[in-house]
file run-v2.cif (mmCIF, C-alpha atoms)
data_run
#
loop_
_atom_site.group_PDB
_atom_site.id
_atom_site.type_symbol
_atom_site.label_atom_id
_atom_site.label_comp_id
_atom_site.auth_asym_id
_atom_site.auth_seq_id
_atom_site.Cartn_x
_atom_site.Cartn_y
_atom_site.Cartn_z
ATOM 1 C CA MET A 20 108.971 92.795 84.548
ATOM 2 C CA LEU A 21 110.439 96.034 83.240
ATOM 3 C CA PRO A 22 112.390 98.245 85.635
ATOM 4 C CA ARG A 23 110.500 101.177 87.055
ATOM 5 C CA VAL A 24 111.702 104.761 86.975
ATOM 6 C CA ARG A 25 111.934 106.654 90.247
ATOM 7 C CA PRO A 26 112.896 110.215 91.095
ATOM 8 C CA GLU A 27 116.068 110.955 93.062
ATOM 9 C CA ARG A 28 115.666 111.035 96.818
ATOM 10 C CA GLY A 29 114.272 114.336 98.000
ATOM 11 C CA SER A 30 113.245 115.335 94.498
ATOM 12 C CA LYS A 31 109.648 116.355 93.867
ATOM 13 C CA SER A 32 110.067 115.766 90.152
ATOM 14 C CA SER A 33 108.461 112.676 88.667
ATOM 15 C CA THR A 34 110.831 112.625 85.698
ATOM 16 C CA CYS A 35 114.118 110.724 85.806
ATOM 17 C CA ALA A 36 117.011 110.211 83.513
ATOM 18 C CA PRO A 37 117.098 106.807 81.771
ATOM 19 C CA TRP A 38 120.146 105.710 83.816
ATOM 20 C CA GLN A 39 118.173 106.043 87.064
ATOM 21 C CA LEU A 40 116.275 102.795 86.559
ATOM 22 C CA HIS A 41 115.657 100.349 89.367
ATOM 23 C CA THR A 42 113.378 97.521 90.340
ATOM 24 C CA THR A 43 110.581 97.418 92.876
ATOM 25 C CA PRO A 44 111.705 96.336 96.385
ATOM 26 C CA PRO A 45 111.548 92.554 96.875
ATOM 27 C CA ASP A 46 109.383 92.780 100.015
ATOM 28 C CA LEU A 47 106.803 94.772 98.061
ATOM 29 C CA THR A 48 106.718 92.339 95.136
ATOM 30 C CA ASP A 49 106.555 89.427 97.606
ATOM 31 C CA ALA A 50 103.526 91.023 99.262
ATOM 32 C CA GLN A 51 101.914 91.575 95.852
ATOM 33 C CA ASP A 52 102.517 87.921 94.935
ATOM 34 C CA GLN A 53 101.061 86.763 98.252
ATOM 35 C CA LEU A 54 98.015 88.989 97.709
ATOM 36 C CA ARG A 55 97.424 87.484 94.273
ATOM 37 C CA GLN A 56 97.622 83.993 95.794
ATOM 38 C CA VAL A 57 95.246 84.846 98.651
ATOM 39 C CA ARG A 58 92.730 86.280 96.180
ATOM 40 C CA ALA A 59 93.023 83.157 93.990
ATOM 41 C CA ASP A 60 92.424 80.993 97.072
ATOM 42 C CA LEU A 61 89.366 83.088 97.961
ATOM 43 C CA ARG A 62 87.950 82.730 94.434
ATOM 44 C CA THR A 63 88.405 78.960 94.614
ATOM 45 C CA LEU A 64 86.760 78.794 98.020
ATOM 46 C CA TYR A 65 83.837 81.009 96.946
ATOM 47 C CA ARG A 66 83.140 78.567 94.104
ATOM 48 C CA ARG A 67 82.953 75.693 96.588
ATOM 49 C CA VAL A 68 80.704 77.194 99.264
ATOM 50 C CA PRO A 69 76.959 77.866 98.837
ATOM 51 C CA TRP A 70 75.970 81.213 97.350
ATOM 52 C CA SER A 71 74.706 82.569 100.690
ATOM 53 C CA ALA A 72 76.686 82.732 103.932
ATOM 54 C CA GLU A 73 73.426 82.368 105.889
ATOM 55 C CA PRO A 74 70.732 79.745 105.255
ATOM 56 C CA LEU A 75 68.205 81.195 102.792
ATOM 57 C CA ASP A 76 65.203 79.889 100.892
ATOM 58 C CA ALA A 77 65.230 79.526 97.122
ATOM 59 C CA TRP A 78 63.960 82.504 95.139
ATOM 60 C CA GLU A 79 63.286 83.635 91.604
ATOM 61 C CA THR A 80 62.219 86.848 89.969
ATOM 62 C CA HIS A 81 58.716 87.407 88.666
ATOM 63 C CA GLU A 82 58.097 86.125 85.138
ATOM 64 C CA ASN A 83 57.549 89.701 83.895
ATOM 65 C CA ASP A 84 60.852 91.055 85.177
ATOM 66 C CA TRP A 85 63.125 92.325 82.424
ATOM 67 C CA ARG A 86 65.866 89.981 83.587
ATOM 68 C CA GLN A 87 65.052 86.551 84.906
ATOM 69 C CA ALA A 88 67.086 85.390 87.883
ATOM 70 C CA SER A 89 66.847 82.686 90.502
ATOM 71 C CA ARG A 90 68.838 80.990 93.235
ATOM 72 C CA PRO A 91 68.422 77.561 94.790
ATOM 73 C CA ALA A 92 67.978 77.201 98.537
ATOM 74 C CA SER A 93 71.213 77.711 100.436
ATOM 75 C CA PRO A 94 72.145 75.833 103.591
ATOM 76 C CA GLY A 95 74.675 78.589 104.364
ATOM 77 C CA TRP A 96 78.383 78.195 104.870
ATOM 78 C CA ASP A 97 79.634 75.495 107.194
ATOM 79 C CA PRO A 98 81.750 76.720 110.149
ATOM 80 C CA GLN A 99 84.966 75.424 108.589
ATOM 81 C CA GLY A 100 84.346 77.246 105.285
ATOM 82 C CA ALA A 101 83.314 80.422 107.100
ATOM 83 C CA ALA A 102 86.470 80.311 109.249
ATOM 84 C CA GLU A 103 88.683 79.804 106.186
ATOM 85 C CA ILE A 104 87.026 82.689 104.349
ATOM 86 C CA ALA A 105 87.428 84.936 107.401
ATOM 87 C CA ARG A 106 91.112 83.986 107.661
ATOM 88 C CA LEU A 107 91.743 84.689 103.964
ATOM 89 C CA ARG A 108 89.845 87.987 104.053
ATOM 90 C CA LYS A 109 91.889 89.100 107.074
ATOM 91 C CA ARG A 110 95.128 88.168 105.300
ATOM 92 C CA GLU A 111 93.961 89.947 102.142
ATOM 93 C CA PHE A 112 93.335 93.117 104.163
ATOM 94 C CA GLU A 113 96.749 92.888 105.876
ATOM 95 C CA LEU A 114 98.579 92.439 102.575
ATOM 96 C CA ALA A 115 96.658 95.190 100.785
ATOM 97 C CA THR A 116 97.392 97.563 103.671
ATOM 98 C CA ALA A 117 101.092 96.651 103.622
ATOM 99 C CA ILE A 118 101.261 97.256 99.875
ATOM 100 C CA VAL A 119 99.561 100.648 99.751
ATOM 101 C CA THR A 120 101.409 101.967 102.828
ATOM 102 C CA HIS A 121 104.845 100.648 101.786
ATOM 103 C CA SER A 122 107.639 103.224 102.094
ATOM 104 C CA TYR A 123 108.496 102.666 98.424
ATOM 105 C CA TRP A 124 105.574 104.856 97.383
ATOM 106 C CA ASN A 125 107.037 107.817 99.330
ATOM 107 C CA GLU A 126 109.789 108.068 96.733
ATOM 108 C CA PHE A 127 107.372 109.387 94.136
ATOM 109 C CA ALA A 128 106.135 112.949 93.748
ATOM 110 C CA ASP A 129 102.545 113.717 94.673
ATOM 111 C CA ALA A 130 100.180 113.715 91.733
#
call {"tool": "encode", "arguments": {"input": "run-v2.cif", "output": "C-alpha cells"}}
result
Amino acid sequence: MLPRVRPERGSKSSTCAPWQLHTTPPDLTDAQDQLRQVRADLRTLYRRVPWSAEPLDAWETHENDWRQASRPASPGWDPQGAAEIARLRKREFELATAIVTHSYWNEFADA
C-alpha cells in the first residue's frame, strides 16, 4: 500500500509537502481488514442458506413478462444460520461505524 498524504495538525489545507508522508493507523487498517473478512463470511453464508429468510412458496413471472424469473420454494433459514447472519451483520455494522468515525479522518480538511 502506498503511503497517504495528510495535512499538518491544525491545518485546513488538504495539500502537503512530499516529505509529510505517513501510513494509515494500524487500528484503522486492522478494522478494515476485519470488515473485509466479515463481508466475505457473509457472502459465503448467503450462498449456503435458502434465498428467503422466511418460508415462501415457489414463484415465477408470467410468460409474457419482458424478463423471465423464478424461484424455488424456500424453507427459510434455520435458526443456526439466522443467528450466524445476525451476528455477522452486527459485527459488520460495528466495524463500519468504527472505520467511518475513526479519529484519523479528523486530520483532513473538510471537502
call {"tool": "residues_around", "arguments": {"input": "run-v2.cif", "residues": "range 67-74 of chain A", "least_positions_apart": "2", "cutoff": "12 Å", "atoms": "all atoms listed in the file", "output": "MDAnalysis selection string"}}
result
chainID A and resid 60:65 76:77 89:105
call {"tool": "atom_distance", "arguments": {"input": "run-v2.cif", "atom1": "CA of Arg66 in chain A", "atom2": "CA of Gln51 in chain A"}}
result
22.9 Å
call {"tool": "closest_atom_pairs", "arguments": {"input": "run-v2.cif", "of": "range 37-63 of chain A", "to": "range 108-115 of chain A", "cutoff": "12 Å", "atoms": "only C-alpha atoms", "output": "Markdown table"}}
result
| residue | atom | partner | partner_atom | distance |
| --- | --- | --- | --- | --- |
| A:Asp46 | CA | A:Leu114 | CA | 11.1 |
| A:Leu47 | CA | A:Leu114 | CA | 9.7 |
| A:Thr48 | CA | A:Leu114 | CA | 11.0 |
| A:Asp49 | CA | A:Leu114 | CA | 9.9 |
| A:Ala50 | CA | A:Leu114 | CA | 6.1 |
| A:Gln51 | CA | A:Leu114 | CA | 7.6 |
| A:Asp52 | CA | A:Leu114 | CA | 9.7 |
| A:Gln53 | CA | A:Leu114 | CA | 7.6 |
| A:Leu54 | CA | A:Leu114 | CA | 6.0 |
| A:Arg55 | CA | A:Glu111 | CA | 8.9 |
| A:Gln56 | CA | A:Glu111 | CA | 9.4 |
| A:Val57 | CA | A:Glu111 | CA | 6.3 |
| A:Arg58 | CA | A:Glu111 | CA | 7.1 |
| A:Ala59 | CA | A:Glu111 | CA | 10.7 |
| A:Asp60 | CA | A:Arg108 | CA | 10.2 |
| A:Leu61 | CA | A:Arg108 | CA | 7.8 |
| A:Arg62 | CA | A:Arg108 | CA | 11.1 |
call {"tool": "write_last_selection", "arguments": {"input": "run-v2.cif", "atoms": "C-alpha atoms", "output": "compact mmCIF listing (two decimals), keeping the file's coordinate frame"}}
result
# COMPACT_ATOMS: atom_id res chain seq x y z
CA ASP A 46 109.38 92.78 100.02
CA LEU A 47 106.80 94.77 98.06
CA THR A 48 106.72 92.34 95.14
CA ASP A 49 106.56 89.43 97.61
CA ALA A 50 103.53 91.02 99.26
CA GLN A 51 101.91 91.58 95.85
CA ASP A 52 102.52 87.92 94.94
CA GLN A 53 101.06 86.76 98.25
CA LEU A 54 98.02 88.99 97.71
CA ARG A 55 97.42 87.48 94.27
CA GLN A 56 97.62 83.99 95.79
CA VAL A 57 95.25 84.85 98.65
CA ARG A 58 92.73 86.28 96.18
CA ALA A 59 93.02 83.16 93.99
CA ASP A 60 92.42 80.99 97.07
CA LEU A 61 89.37 83.09 97.96
CA ARG A 62 87.95 82.73 94.43
call {"tool": "atom_distance", "arguments": {"input": "run-v2.cif", "atom1": "CA of Arg106 in chain A", "atom2": "CA of Ser122 in chain A"}}
result
26.0 Å
call {"tool": "atom_distance", "arguments": {"input": "run-v2.cif", "atom1": "CA of Val119 in chain A", "atom2": "CA of Pro44 in chain A"}}
result
13.3 Å
call {"tool": "closest_residue", "arguments": {"input": "run-v2.cif", "among": "A:Leu107, A:Trp85, A:Tyr123, A:Ala117", "to": "Thr42 in chain A", "atoms": "only C-alpha atoms"}}
result
A:Tyr123
call {"tool": "decode", "arguments": {"input": "run-v2.cif", "residues": "range 85-102 of chain A", "atoms": "N, CA and C atoms", "output": "PDB file, in the first residue's frame"}}
result
ATOM      1  N   TRP A  85     -41.251  -9.206 -19.718  1.00  0.00           N
ATOM      2  CA  TRP A  85     -40.067  -8.922 -20.533  1.00  0.00           C
ATOM      3  C   TRP A  85     -38.839  -9.661 -20.022  1.00  0.00           C
ATOM      4  N   ARG A  86     -38.829  -9.973 -18.741  1.00  0.00           N
ATOM      5  CA  ARG A  86     -37.701 -10.720 -18.182  1.00  0.00           C
ATOM      6  C   ARG A  86     -38.241 -11.872 -17.351  1.00  0.00           C
ATOM      7  N   GLN A  87     -37.927 -13.063 -17.765  1.00  0.00           N
ATOM      8  CA  GLN A  87     -38.398 -14.242 -17.052  1.00  0.00           C
ATOM      9  C   GLN A  87     -37.586 -14.426 -15.767  1.00  0.00           C
ATOM     10  N   ALA A  88     -38.277 -14.762 -14.702  1.00  0.00           N
ATOM     11  CA  ALA A  88     -37.613 -15.009 -13.426  1.00  0.00           C
ATOM     12  C   ALA A  88     -38.433 -16.021 -12.642  1.00  0.00           C
ATOM     13  N   SER A  89     -37.755 -16.753 -11.787  1.00  0.00           N
ATOM     14  CA  SER A  89     -38.456 -17.712 -10.933  1.00  0.00           C
ATOM     15  C   SER A  89     -37.579 -18.035  -9.730  1.00  0.00           C
ATOM     16  N   ARG A  90     -38.219 -18.554  -8.706  1.00  0.00           N
ATOM     17  CA  ARG A  90     -37.519 -19.012  -7.506  1.00  0.00           C
ATOM     18  C   ARG A  90     -38.173 -20.297  -7.034  1.00  0.00           C
ATOM     19  N   PRO A  91     -37.377 -21.243  -6.563  1.00  0.00           N
ATOM     20  CA  PRO A  91     -37.958 -22.460  -5.999  1.00  0.00           C
ATOM     21  C   PRO A  91     -38.541 -22.156  -4.616  1.00  0.00           C
ATOM     22  N   ALA A  92     -39.309 -23.070  -4.089  1.00  0.00           N
ATOM     23  CA  ALA A  92     -39.844 -22.897  -2.741  1.00  0.00           C
ATOM     24  C   ALA A  92     -38.673 -22.806  -1.753  1.00  0.00           C
ATOM     25  N   SER A  93     -38.866 -21.980  -0.739  1.00  0.00           N
ATOM     26  CA  SER A  93     -37.820 -21.800   0.265  1.00  0.00           C
ATOM     27  C   SER A  93     -38.326 -22.231   1.633  1.00  0.00           C
ATOM     28  N   PRO A  94     -37.582 -23.087   2.307  1.00  0.00           N
ATOM     29  CA  PRO A  94     -37.975 -23.475   3.659  1.00  0.00           C
ATOM     30  C   PRO A  94     -37.650 -22.389   4.682  1.00  0.00           C
ATOM     31  N   GLY A  95     -36.939 -21.346   4.266  1.00  0.00           N
ATOM     32  CA  GLY A  95     -36.494 -20.299   5.182  1.00  0.00           C
ATOM     33  C   GLY A  95     -35.170 -20.685   5.819  1.00  0.00           C
ATOM     34  N   TRP A  96     -34.594 -19.743   6.526  1.00  0.00           N
ATOM     35  CA  TRP A  96     -33.318 -20.002   7.179  1.00  0.00           C
ATOM     36  C   TRP A  96     -33.542 -20.813   8.444  1.00  0.00           C
ATOM     37  N   ASP A  97     -32.626 -21.708   8.737  1.00  0.00           N
ATOM     38  CA  ASP A  97     -32.706 -22.426  10.009  1.00  0.00           C
ATOM     39  C   ASP A  97     -32.235 -21.478  11.125  1.00  0.00           C
ATOM     40  N   PRO A  98     -32.604 -21.744  12.369  1.00  0.00           N
ATOM     41  CA  PRO A  98     -32.240 -20.833  13.466  1.00  0.00           C
ATOM     42  C   PRO A  98     -30.735 -20.612  13.601  1.00  0.00           C
ATOM     43  N   GLN A  99     -29.946 -21.654  13.347  1.00  0.00           N
ATOM     44  CA  GLN A  99     -28.500 -21.512  13.451  1.00  0.00           C
ATOM     45  C   GLN A  99     -27.959 -20.561  12.374  1.00  0.00           C
ATOM     46  N   GLY A 100     -28.421 -20.726  11.135  1.00  0.00           N
ATOM     47  CA  GLY A 100     -27.995 -19.835  10.053  1.00  0.00           C
ATOM     48  C   GLY A 100     -28.448 -18.405  10.291  1.00  0.00           C
ATOM     49  N   ALA A 101     -29.680 -18.239  10.768  1.00  0.00           N
ATOM     50  CA  ALA A 101     -30.202 -16.905  11.045  1.00  0.00           C
ATOM     51  C   ALA A 101     -29.395 -16.235  12.154  1.00  0.00           C
ATOM     52  N   ALA A 102     -29.030 -16.989  13.191  1.00  0.00           N
ATOM     53  CA  ALA A 102     -28.248 -16.432  14.293  1.00  0.00           C
ATOM     54  C   ALA A 102     -26.854 -16.019  13.818  1.00  0.00           C
TER      55      ALA A 102
END
